[in-house]
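Chemist: Sharing run-v9.tsv (TSV, C-alpha atoms) below.
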chain	number	residue	atom	x	y	z
A	1	MET	CA	0.00	0.00	0.00
A	2	GLN	CA	1.28	3.45	-0.95
A	3	ILE	CA	2.05	5.92	1.83
A	4	SER	CA	-0.29	8.46	0.21
A	5	ASP	CA	-3.09	5.90	0.35
A	6	ILE	CA	-2.39	5.23	4.05
A	7	ARG	CA	-2.37	8.95	4.71
A	8	TRP	CA	-5.68	9.49	2.92
A	9	ARG	CA	-7.31	6.65	4.86
A	10	VAL	CA	-5.97	7.94	8.20
A	11	GLU	CA	-7.33	11.39	7.40
A	12	GLN	CA	-10.75	9.90	6.66
A	13	ILE	CA	-10.64	8.02	9.97
A	14	ILE	CA	-9.78	11.21	11.87
A	15	ARG	CA	-12.59	13.07	10.12
A	16	ARG	CA	-15.04	10.28	11.04
A	17	ALA	CA	-13.79	10.24	14.66
A	18	LYS	CA	-14.40	13.99	14.88
A	19	ASN	CA	-17.63	13.94	12.83
A	20	HIS	CA	-15.93	16.45	10.55
A	21	HIS	CA	-16.80	16.50	6.85
A	22	GLY	CA	-14.32	19.00	5.41
A	23	SER	CA	-12.35	18.22	2.25
A	24	ARG	CA	-9.18	20.26	2.91
A	25	PRO	CA	-6.19	18.03	3.71
A	26	LEU	CA	-5.24	17.95	7.39
A	27	PRO	CA	-1.72	19.27	8.17
A	28	GLU	CA	0.85	16.49	8.60
A	29	THR	CA	2.06	18.06	11.82
A	30	LEU	CA	-1.43	18.24	13.33
A	31	LEU	CA	-1.05	17.17	16.97
A	32	LEU	CA	-3.29	14.20	17.72
A	33	PHE	CA	-2.82	14.14	21.51
A	34	GLY	CA	-2.13	16.62	24.27
A	35	PRO	CA	-3.76	19.77	25.65
A	36	ALA	CA	-3.89	21.54	22.27
A	37	ALA	CA	-4.61	18.39	20.31
A	38	ALA	CA	-7.15	17.60	17.64
A	39	LEU	CA	-8.69	14.62	19.45
A	40	ASP	CA	-10.18	14.09	22.90
A	41	SER	CA	-9.92	10.75	24.72
A	42	VAL	CA	-13.02	9.17	23.17
A	43	GLU	CA	-12.10	10.34	19.67
A	44	SER	CA	-8.58	8.97	20.14
A	45	LEU	CA	-10.02	5.57	21.11
A	46	LYS	CA	-12.21	5.72	18.00
A	47	LEU	CA	-9.10	6.49	15.95
A	48	VAL	CA	-7.11	3.53	17.32
A	49	LEU	CA	-9.99	1.08	16.90
A	50	ALA	CA	-10.71	2.34	13.38
A	51	VAL	CA	-7.02	2.11	12.38
A	52	GLU	CA	-6.94	-1.50	13.63
A	53	LYS	CA	-10.02	-2.34	11.60
A	54	GLU	CA	-9.10	-0.40	8.44
A	55	PHE	CA	-5.56	-1.79	8.13
A	56	ASP	CA	-6.23	-5.17	9.78
A	57	ILE	CA	-3.51	-4.66	12.36
A	58	CYS	CA	-3.46	-5.00	16.12
A	59	ILE	CA	-2.08	-2.11	18.17
A	60	ALA	CA	-0.74	-3.23	21.54
A	61	GLU	CA	-1.00	-0.97	24.60
A	62	GLU	CA	2.77	-0.57	24.76
A	63	GLU	CA	2.73	0.76	21.20
A	64	ILE	CA	0.52	3.66	22.22
A	65	VAL	CA	3.41	6.07	22.71
A	66	PRO	CA	4.13	9.65	21.51
A	67	GLU	CA	6.68	8.32	19.02
A	68	TYR	CA	3.91	6.70	16.98
A	69	PHE	CA	0.85	8.73	17.92
A	70	ALA	CA	2.01	12.36	18.15
A	71	THR	CA	1.00	13.53	14.67
A	72	ILE	CA	-0.67	12.23	11.51
A	73	GLU	CA	2.78	11.86	9.97
A	74	SER	CA	4.11	9.67	12.80
A	75	LEU	CA	0.95	7.56	12.79
A	76	VAL	CA	1.16	7.05	9.01
A	77	ARG	CA	4.80	5.92	9.34
A	78	PHE	CA	3.87	3.54	12.14
A	79	ILE	CA	1.11	1.97	10.03
A	80	GLU	CA	3.41	1.73	7.01
A	81	ASN	CA	6.09	-0.07	9.06
A	82	ARG	CA	3.54	-2.37	10.59
A	83	LEU	CA	2.08	-3.31	7.20
A	84	LYS	CA	5.57	-4.01	5.88
A	85	THR	CA	6.35	-6.23	8.89
A	86	ASN	CA	3.07	-8.11	8.43
A	87	GLN	CA	3.80	-8.60	4.73
A	88	MET	CA	7.28	-9.99	5.47
A	89	ARG	CA	5.86	-12.39	8.03
A	90	SER	CA	3.26	-13.72	5.63
B	91	MET	CA	-4.90	20.38	58.57
B	92	LYS	CA	-2.84	17.27	57.86
B	93	PRO	CA	-2.96	14.51	60.50
B	94	SER	CA	0.26	14.00	62.45
B	95	PRO	CA	2.12	10.65	62.33
B	96	LEU	CA	0.84	9.98	65.86
B	97	ASP	CA	-2.76	10.54	64.69
B	98	LEU	CA	-2.22	8.13	61.81
B	99	CYS	CA	-0.68	5.47	64.08
B	100	LEU	CA	-3.59	5.78	66.51
B	101	ALA	CA	-6.13	5.59	63.66
B	102	LEU	CA	-4.44	2.49	62.25
B	103	ALA	CA	-4.25	0.78	65.64
B	104	LYS	CA	-7.90	1.61	66.28
B	105	THR	CA	-8.87	0.25	62.84
B	106	ARG	CA	-6.95	-2.98	63.42
B	107	LEU	CA	-8.45	-3.54	66.84
B	108	THR	CA	-12.00	-2.70	65.86
B	109	SER	CA	-11.81	-4.69	62.62
B	110	LYS	CA	-10.48	-7.80	64.28
B	111	TYR	CA	-12.41	-7.93	67.49
B	112	ILE	CA	-15.61	-5.99	66.98
B	113	LYS	CA	-18.48	-7.06	64.76
B	114	LEU	CA	-18.97	-4.78	61.79
B	115	ASN	CA	-22.54	-3.84	62.65
B	116	TRP	CA	-21.20	-2.69	66.02
B	117	ILE	CA	-18.73	-0.47	64.22
B	118	LEU	CA	-21.60	1.34	62.53
B	119	HIS	CA	-23.24	1.72	65.97
B	120	LEU	CA	-19.97	3.17	67.28
B	121	CYS	CA	-19.80	5.55	64.32
B	122	GLY	CA	-23.39	6.62	65.06
B	123	TRP	CA	-22.62	7.09	68.74
B	124	SER	CA	-19.50	9.20	68.11
B	125	THR	CA	-21.41	11.24	65.51
B	126	ARG	CA	-24.26	11.96	67.93
B	127	THR	CA	-21.75	13.01	70.59
B	128	ALA	CA	-19.83	15.22	68.15
B	129	MET	CA	-23.05	16.84	66.97
B	130	ALA	CA	-24.29	17.40	70.52
B	131	LEU	CA	-20.99	19.05	71.44
B	132	ASN	CA	-20.83	20.81	68.05
B	133	PHE	CA	-17.36	19.31	67.65
B	134	ARG	CA	-16.36	19.72	63.98
B	135	SER	CA	-19.97	19.06	63.01
B	136	THR	CA	-20.67	22.62	61.82
B	137	ARG	CA	-17.69	22.54	59.47
B	138	THR	CA	-18.28	18.98	58.21
B	139	LEU	CA	-21.99	19.39	57.54
B	140	ARG	CA	-22.10	23.05	56.50
B	141	SER	CA	-22.41	22.46	52.75
B	142	MET	CA	-25.17	19.89	53.14
B	143	HIS	CA	-27.07	22.19	55.50
B	144	GLU	CA	-26.80	25.13	53.12
B	145	ILE	CA	-28.30	23.08	50.30
B	146	LEU	CA	-31.01	21.32	52.28
B	147	ARG	CA	-32.06	23.93	54.88
B	148	PRO	CA	-34.79	25.46	52.66
B	149	HIS	CA	-36.29	22.04	51.96
B	150	LEU	CA	-36.20	20.16	55.27
B	151	SER	CA	-37.35	20.88	58.79
B	152	ALA	CA	-34.69	21.30	61.50
B	153	ARG	CA	-35.56	17.88	62.87
B	154	GLU	CA	-35.31	16.15	59.47
B	155	LEU	CA	-32.03	17.90	58.77
B	156	ALA	CA	-30.55	16.84	62.12
B	157	ALA	CA	-31.58	13.21	61.52
B	158	LEU	CA	-30.16	13.26	57.99
B	159	SER	CA	-26.93	14.87	59.20
B	160	GLN	CA	-26.51	12.14	61.78
B	161	ARG	CA	-27.02	9.37	59.22
B	162	GLN	CA	-24.80	11.07	56.65
B	163	TRP	CA	-21.87	11.52	59.06
B	164	SER	CA	-22.19	8.00	60.51
B	165	PHE	CA	-22.12	6.41	57.06
B	166	ARG	CA	-19.13	8.53	56.07
B	167	LYS	CA	-17.24	7.34	59.13
B	168	TYR	CA	-18.31	3.77	58.48
B	169	LEU	CA	-17.11	4.01	54.86
B	170	ARG	CA	-13.74	5.38	55.97
B	171	HIS	CA	-13.38	2.63	58.53
B	172	LEU	CA	-14.22	-0.14	56.05
B	173	GLN	CA	-11.79	1.34	53.54
B	174	ARG	CA	-8.94	1.42	56.07
B	175	ALA	CA	-9.72	-2.02	57.41
B	176	TRP	CA	-10.13	-3.70	54.01
B	177	PRO	CA	-6.56	-4.69	53.14
B	178	ARG	CA	-5.81	-5.66	56.74
B	179	THR	CA	-8.69	-8.02	57.39
B	180	ASN	CA	-10.69	-10.37	55.26
B	181	LEU	CA	-13.67	-8.08	55.13
B	182	THR	CA	-15.31	-9.63	52.09
B	183	ALA	CA	-15.97	-12.72	54.16
B	184	ARG	CA	-16.96	-10.85	57.31
B	185	LEU	CA	-18.93	-7.98	55.91
B	186	GLY	CA	-22.62	-8.62	55.38
B	187	PHE	CA	-23.53	-8.11	51.73
B	188	GLU	CA	-26.91	-8.34	50.09
B	189	ILE	CA	-27.27	-8.18	46.36
B	190	GLU	CA	-30.51	-7.27	44.63
B	191	GLY	CA	-30.89	-8.04	40.94
B	192	GLN	CA	-27.98	-10.42	40.44
B	193	GLY	CA	-30.07	-11.97	37.65
B	194	TYR	CA	-29.79	-8.68	35.73
B	195	LEU	CA	-26.01	-8.95	35.89
B	196	ASP	CA	-26.06	-12.58	34.79
B	197	SER	CA	-28.40	-11.84	31.86
B	198	ALA	CA	-26.17	-8.91	30.82
B	199	VAL	CA	-23.10	-11.17	30.91
B	200	ALA	CA	-25.02	-13.77	28.88
B	201	LEU	CA	-25.35	-11.25	26.04
B	202	GLY	CA	-21.61	-11.75	25.49
B	203	LYS	CA	-20.68	-8.17	24.64
B	204	GLY	CA	-19.09	-7.22	27.95
B	205	THR	CA	-20.87	-5.73	30.94
B	206	LEU	CA	-20.35	-2.28	32.32
B	207	LEU	CA	-21.57	-1.59	35.85
B	208	LEU	CA	-22.32	2.11	36.06
B	209	SER	CA	-22.52	4.00	39.36
B	210	GLY	CA	-22.53	7.62	40.46
B	211	HIS	CA	-19.17	8.93	41.63
B	212	ASN	CA	-18.92	9.79	45.33
B	213	TYR	CA	-22.24	8.19	46.07
B	214	GLY	CA	-22.77	5.30	48.46
B	215	PHE	CA	-20.45	2.35	48.90
B	216	SER	CA	-19.73	1.71	45.20
B	217	ARG	CA	-16.05	1.06	45.85
B	218	PHE	CA	-16.96	-2.25	47.53
B	219	VAL	CA	-18.84	-3.62	44.52
B	220	ALA	CA	-15.77	-4.97	42.67
B	221	PRO	CA	-14.32	-6.79	45.72
B	222	TYR	CA	-17.67	-8.36	46.49
B	223	LEU	CA	-18.40	-9.50	42.93
B	224	ALA	CA	-14.86	-10.87	42.61
B	225	SER	CA	-15.44	-12.92	45.77
B	226	ARG	CA	-18.56	-14.31	44.07
B	227	GLY	CA	-16.53	-15.51	41.08
B	228	TYR	CA	-17.02	-12.69	38.58
B	229	SER	CA	-14.03	-11.40	36.65
B	230	VAL	CA	-14.26	-7.73	37.60
B	231	THR	CA	-12.20	-4.65	36.88
B	232	ARG	CA	-12.73	-1.28	38.50
B	233	THR	CA	-11.69	1.98	36.92
B	234	GLY	CA	-10.70	5.13	38.76
B	235	ALA	CA	-8.54	8.22	38.95
B	236	TYR	CA	-6.31	7.07	41.83
B	237	HIS	CA	-2.76	6.38	40.72
B	238	GLU	CA	-2.03	2.64	40.88
B	239	THR	CA	0.59	3.02	43.63
B	240	LYS	CA	-1.83	4.89	45.87
B	241	PHE	CA	-4.64	2.51	44.96
B	242	ASN	CA	-2.56	-0.59	45.75
B	243	ALA	CA	-1.60	0.92	49.11
B	244	LEU	CA	-5.31	1.22	49.91
B	245	TRP	CA	-6.58	-2.06	48.50
B	246	GLY	CA	-3.60	-4.40	48.18
B	247	THR	CA	-2.08	-5.50	44.92
B	248	GLY	CA	-4.01	-7.21	42.13
B	249	ALA	CA	-2.79	-10.68	43.08
B	250	THR	CA	-4.00	-10.46	46.67
B	251	ARG	CA	-7.20	-8.57	46.10
B	252	GLY	CA	-8.47	-10.80	43.26
B	253	TRP	CA	-9.81	-8.06	40.98
B	254	ARG	CA	-8.18	-5.62	38.62
B	255	TYR	CA	-7.92	-1.88	38.63
B	256	ILE	CA	-7.43	0.43	35.64
B	257	TYR	CA	-6.06	3.88	36.33
B	258	LEU	CA	-7.72	6.51	34.13
B	259	ASP	CA	-4.68	8.68	33.62
B	260	ASP	CA	-4.96	12.43	32.98
B	261	GLU	CA	-2.13	12.20	30.47
B	262	PRO	CA	-3.84	11.71	27.04
B	263	LEU	CA	-1.87	8.67	25.82
B	264	GLY	CA	-2.02	7.07	29.27
B	265	ARG	CA	-5.78	7.51	29.21
B	266	LEU	CA	-5.96	6.05	25.70
B	267	ARG	CA	-4.03	2.98	26.90
B	268	ALA	CA	-6.53	2.63	29.77
B	269	LEU	CA	-9.51	2.91	27.41
B	270	LYS	CA	-7.96	0.33	25.10
B	271	GLN	CA	-7.59	-2.01	28.08
B	272	ILE	CA	-11.26	-1.50	28.95
B	273	LYS	CA	-12.22	-2.27	25.35
B	274	GLU	CA	-10.20	-5.50	25.45
B	275	LEU	CA	-11.79	-6.58	28.74
B	276	LEU	CA	-15.29	-6.00	27.38
B	277	LYS	CA	-14.35	-7.89	24.23
B	278	ARG	CA	-13.50	-10.84	26.50
B	279	ASN	CA	-16.99	-10.44	28.05
B	280	GLU	CA	-15.69	-9.37	31.44
B	281	VAL	CA	-17.33	-7.02	33.93
B	282	VAL	CA	-16.02	-3.46	34.26
B	283	HIS	CA	-17.19	-1.12	37.01
B	284	MET	CA	-17.12	2.58	36.23
B	285	MET	CA	-18.29	5.59	38.22
B	286	VAL	CA	-19.58	8.62	36.38
B	287	LEU	CA	-18.56	12.11	37.51
B	288	CYS	CA	-20.89	15.08	37.73
B	289	ARG	CA	-20.30	18.61	36.45
B	290	PRO	CA	-22.06	21.95	36.89
B	291	TYR	CA	-22.65	22.25	33.13
B	292	GLY	CA	-23.56	19.67	30.53
B	293	GLU	CA	-26.02	18.23	28.08
B	294	PRO	CA	-29.77	18.39	28.78
B	295	ASP	CA	-30.30	14.62	28.53
B	296	LEU	CA	-27.72	14.10	31.30
B	297	GLN	CA	-29.35	16.50	33.72
B	298	VAL	CA	-29.72	15.46	37.35
B	299	LYS	CA	-31.90	17.27	39.89
B	300	LEU	CA	-31.38	17.30	43.62
B	301	TYR	CA	-33.89	19.53	45.43
B	302	ASP	CA	-33.35	22.94	43.76
B	303	ARG	CA	-29.88	22.09	42.45
B	304	ILE	CA	-29.33	21.05	38.85
B	305	PHE	CA	-26.15	19.43	37.61
B	306	PHE	CA	-25.06	17.09	34.82
B	307	LEU	CA	-23.48	13.69	34.41
B	308	ASP	CA	-20.17	13.73	32.54
B	309	SER	CA	-20.95	13.49	28.83
B	310	ALA	CA	-17.49	12.10	27.91
B	311	THR	CA	-18.19	8.95	29.97
B	312	PHE	CA	-21.44	8.39	28.10
B	313	ARG	CA	-19.81	8.97	24.71
B	314	LEU	CA	-17.17	6.43	25.69
B	315	ILE	CA	-19.84	3.90	26.70
B	316	GLU	CA	-21.64	4.41	23.38
B	317	GLU	CA	-18.35	3.73	21.59
B	318	LEU	CA	-17.63	0.60	23.65
B	319	ALA	CA	-21.27	-0.59	23.29
B	320	PRO	CA	-21.43	-2.99	26.26
B	321	ALA	CA	-24.51	-3.99	28.25
B	322	VAL	CA	-24.82	-1.22	30.86
B	323	VAL	CA	-26.06	-2.31	34.29
B	324	PRO	CA	-26.87	0.58	36.66
B	325	CYS	CA	-25.41	-0.28	40.04
B	326	PHE	CA	-25.81	1.45	43.42
B	327	ALA	CA	-24.34	0.28	46.72
B	328	LEU	CA	-25.90	1.49	49.96
B	329	SER	CA	-25.78	0.43	53.58
B	330	ASP	CA	-28.73	-0.50	55.76
B	331	PRO	CA	-28.91	0.72	59.37
B	332	ARG	CA	-27.22	-2.52	60.55
B	333	GLY	CA	-24.16	-1.91	58.38
B	334	THR	CA	-25.01	-4.54	55.77
B	335	LEU	CA	-23.97	-3.35	52.32
B	336	LYS	CA	-26.75	-3.62	49.77
B	337	ILE	CA	-25.75	-3.76	46.13
B	338	LYS	CA	-28.69	-2.85	43.94
B	339	LEU	CA	-28.47	-3.80	40.28
B	340	HIS	CA	-31.00	-2.76	37.65
B	341	PRO	CA	-32.00	-4.23	34.25
B	342	HIS	CA	-29.36	-3.55	31.65
B	343	LEU	CA	-29.62	-0.50	29.41
B	344	ASN	CA	-28.98	-0.68	25.71
B	345	SER	CA	-26.41	2.03	24.98
B	346	ALA	CA	-27.39	1.99	21.29
B	347	ALA	CA	-31.04	2.79	22.04
B	348	PRO	CA	-32.25	6.37	22.41
B	349	GLY	CA	-33.12	7.50	25.92
B	350	TRP	CA	-30.74	5.23	27.83
B	351	LYS	CA	-28.76	8.19	29.21
B	352	GLU	CA	-31.90	9.87	30.53
B	353	GLU	CA	-32.92	6.55	32.07
B	354	PHE	CA	-29.67	6.34	34.04
B	355	ALA	CA	-29.85	10.02	35.02
B	356	LEU	CA	-33.41	9.50	36.29
B	357	LEU	CA	-32.37	6.44	38.29
B	358	PHE	CA	-29.48	8.31	39.89
B	359	THR	CA	-31.82	11.24	40.68
B	360	GLN	CA	-34.24	8.87	42.40
B	361	TYR	CA	-31.49	7.28	44.51
B	362	MET	CA	-30.19	10.69	45.59
B	363	LYS	CA	-33.70	11.86	46.45
B	364	ASN	CA	-34.57	8.71	48.41
B	365	PHE	CA	-31.17	8.18	50.06
B	366	PRO	CA	-29.44	11.57	50.33
B	367	GLU	CA	-27.41	10.36	53.33
B	368	PHE	CA	-25.08	8.54	50.92
B	369	ILE	CA	-24.15	11.66	48.92
B	370	ARG	CA	-20.53	12.70	49.47
B	371	PHE	CA	-20.29	15.66	47.11
B	372	TRP	CA	-22.21	18.38	48.94
B	373	LYS	CA	-19.25	20.75	49.12
B	374	PRO	CA	-18.12	20.62	45.45
B	375	MET	CA	-21.75	20.80	44.39
B	376	LEU	CA	-22.30	23.90	46.53
B	377	ASN	CA	-19.08	25.48	45.27
B	378	GLN	CA	-19.87	24.53	41.65
B	379	ASP	CA	-16.45	22.92	41.26
B	380	LYS	CA	-15.27	21.73	37.85
B	381	GLU	CA	-16.32	18.15	38.63
B	382	TRP	CA	-17.22	15.91	41.56
Represent the structure contained in this file as structure tokens.
Modeler:
Amino acid sequence: MQISDIRWRVEQIIRRAKNHHGSRPLPETLLLFGPAAALDSVESLKLVLAVEKEFDICIAEEEIVPEYFATIESLVRFIENRLKTNQMRS
Amino acid sequence: MKPSPLDLCLALAKTRLTSKYIKLNWILHLCGWSTRTAMALNFRSTRTLRSMHEILRPHLSARELAALSQRQWSFRKYLRHLQRAWPRTNLTARLGFEIEGQGYLDSAVALGKGTLLLSGHNYGFSRFVAPYLASRGYSVTRTGAYHETKFNALWGTGATRGWRYIYLDDEPLGRLRALKQIKELLKRNEVVHMMVLCRPYGEPDLQVKLYDRIFFLDSATFRLIEELAPAVVPCFALSDPRGTLKIKLHPHLNSAAPGWKEEFALLFTQYMKNFPEFIRFWKPMLNQDKEW
């Protein structure tokens, strides 16, 4: 899967989690978590569950760290790496 | 004022002695006796009960208010005593429990989509629900805002207490990890006990009335429940005048159906109206704190 495709899907998931129907692309550096973040706790849970479903991956609790979940960019890279790992395994 | 180390030592020694050698219903009698004495001498009673009096004075006669104050303070003392004594004595075995509506819990579990016991925060003896249900063989997890270290100091560690605890962290990713854990537990069809906070402002369908006061149940908790979609069993734990804890369970609510939030809010309102002695949030409610 292309990184642009992953990014587009993640954006759609974030829009669904926030019930937001805009068409403008979300900034790559948009903060997902924290006091000035785009998502609250329930929306962030929706995001994680939707990412698991959309990409058929399982996100362990110990993987929920700022390194992977700080911004859209970091999340997209995490998903890309995970998909690659899954492909290599299969 | 913080208690001195000597005060703490004396309190602990008293708890140990009373928990080991005195029947629990006698402890409630002792709490009632010390409360009556303190109220008669006006010893700390004005300060402790001020908020409740300010809220209820226009609605109750002096006699009703005095009786309610006495019950309220006795139950508070009893709760504190049970909490301190819990990790030091096998209270689950010794404490009298009565459960009403266990069938509702069993039928909710039978649905296979996870069961969420929902209680009001700072109301009644809800903190004893998880230990009791665990002693009856249910796989129970309680959620709360106490840090795990502090919680384990109060209740013992997971291995000894026989039920799990999930700390709802304030830090966003920590909280997300906690919510993910809850999701996994419900997926395994386990029982999770959650207590909903109240706030001075909120959504109309989560409105709760107590005499002339209006406040709201925390909408984020209800949004979370709708996302998790478990069977929601309203759960309230009270004490009878003999000190027996009564866990009252109600038929499960379908979190996908409209009106379920109002149904819970109405139930909580009724409990508070019928048993105001178990309310422990008079002061934050009076002060209109951020949450209670």
Chemist: Could you please give me, as an NGL selection string, the residues of protein, DNA or RNA lying at most 9 Å from (-26.5, 17.8, 30.4) in the coordinate frame of the file, considering all atoms listed in the file?
Modeler: :B and (289-298 or 305-309)
Chemist: Can you pull out the residues contacting region 11-16 of chain A? Cut-off 8 Å, using only C-alpha atoms, and skip same-chain residues under 4 positions away; I want them as a list in words.
Modeler: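 Within the cut-off, the hits are Arg7, His20, His21, Gly22, Pro25, Leu26, Leu47, Ala50, Val51 and Ile72 of chain A.
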Chemist: Set the cut-off to 7 Å and count all atoms listed in the file: what are the residues of chain A that reach chain B? Output as a list of chain:residue names.
Modeler: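 The selection requested is A:Phe33, A:Gly34, A:Ser41, A:Val42, A:Ser44, A:Leu45, A:Glu61, A:Ile64, A:Val65.
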Chemist: I'd like the contact shell of Leu356 (chain B) - 12 Å cut-off, all atoms listed in the file, skipping same-chain residues fewer than 2 positions apart - returned as a count of residues only.
Modeler: 22
Chemist: Considering all atoms listed in the file, can you say which of A:Gln87, A:Leu39, A:Ala17, A:Leu32 comes closest to Pro66 (chain A)?
Modeler: A:Leu32
Chemist: List the neighbours of Ser216 (chain B) out to 9 Å using all atoms listed in the file; skip same-chain residues closer than 6 positions along the sequence, and give me the result as JSON, numbers by chain.
Modeler: {"B": [209, 210, 285, 325, 326, 327, 328, 337]}
Chemist: Find the residues around region 75-77 of chain A up to 12 Å (only C-alpha atoms counted), leave out those fewer than 4 positions away in its own chain, and share them as a PyMOL selection string.
Modeler: chain A and resi 1-11+13-14+28-33+47-48+51+55+59+63-71+81-84
Chemist: Region 74-84 of chain A, all listed atoms, 4 Å padding on each side: what axis-aligned box centre and edge lengths in Å to one decimal come out, as lines of an AutoDock Vina configuration file?
Modeler:
center_x = 3.5
center_y = 2.8
center_z = 9.3
size_x = 13.1
size_y = 21.7
size_z = 14.9
Chemist: What is the CA of Lys338 (chain B)-CA of Cys288 (chain B) distance in Å, reported with one decimal?
Modeler: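 Between CA of Lys338 (chain B) and CA of Cys288 (chain B) the gap works out to 20.5 Å.
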Chemist: Given only C-alpha atoms as the basis, pick out the residue of B:Ile272, B:Ala355, B:Leu118, B:Leu376 nearest to Arg140 (chain B).
Modeler: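 That would be B:Leu376, the residue with the smallest distance to Arg140 (chain B).
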Chemist: Just the number, please: distance in Å from CA of Leu49 (chain A) to CA of Ala224 (chain B), one decimal.
Modeler: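 Computing the Euclidean distance for CA of Leu49 (chain A) and CA of Ala224 (chain B) yields 28.8 Å.
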Chemist: What's the 9 Å shell around Phe371 (chain B), counting all atoms listed in the file, without same-chain residues fewer than 5 positions away, as a ChimeraX atom specification?
Modeler: /B:142,211-213,376,382
Chemist: Just how far from CA of Leu275 (chain B) is CA of Cys58 (chain A), in Å to one decimal?
Modeler: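 Between CA of Cys58 (chain A) and CA of Leu275 (chain B) the gap works out to 15.2 Å.
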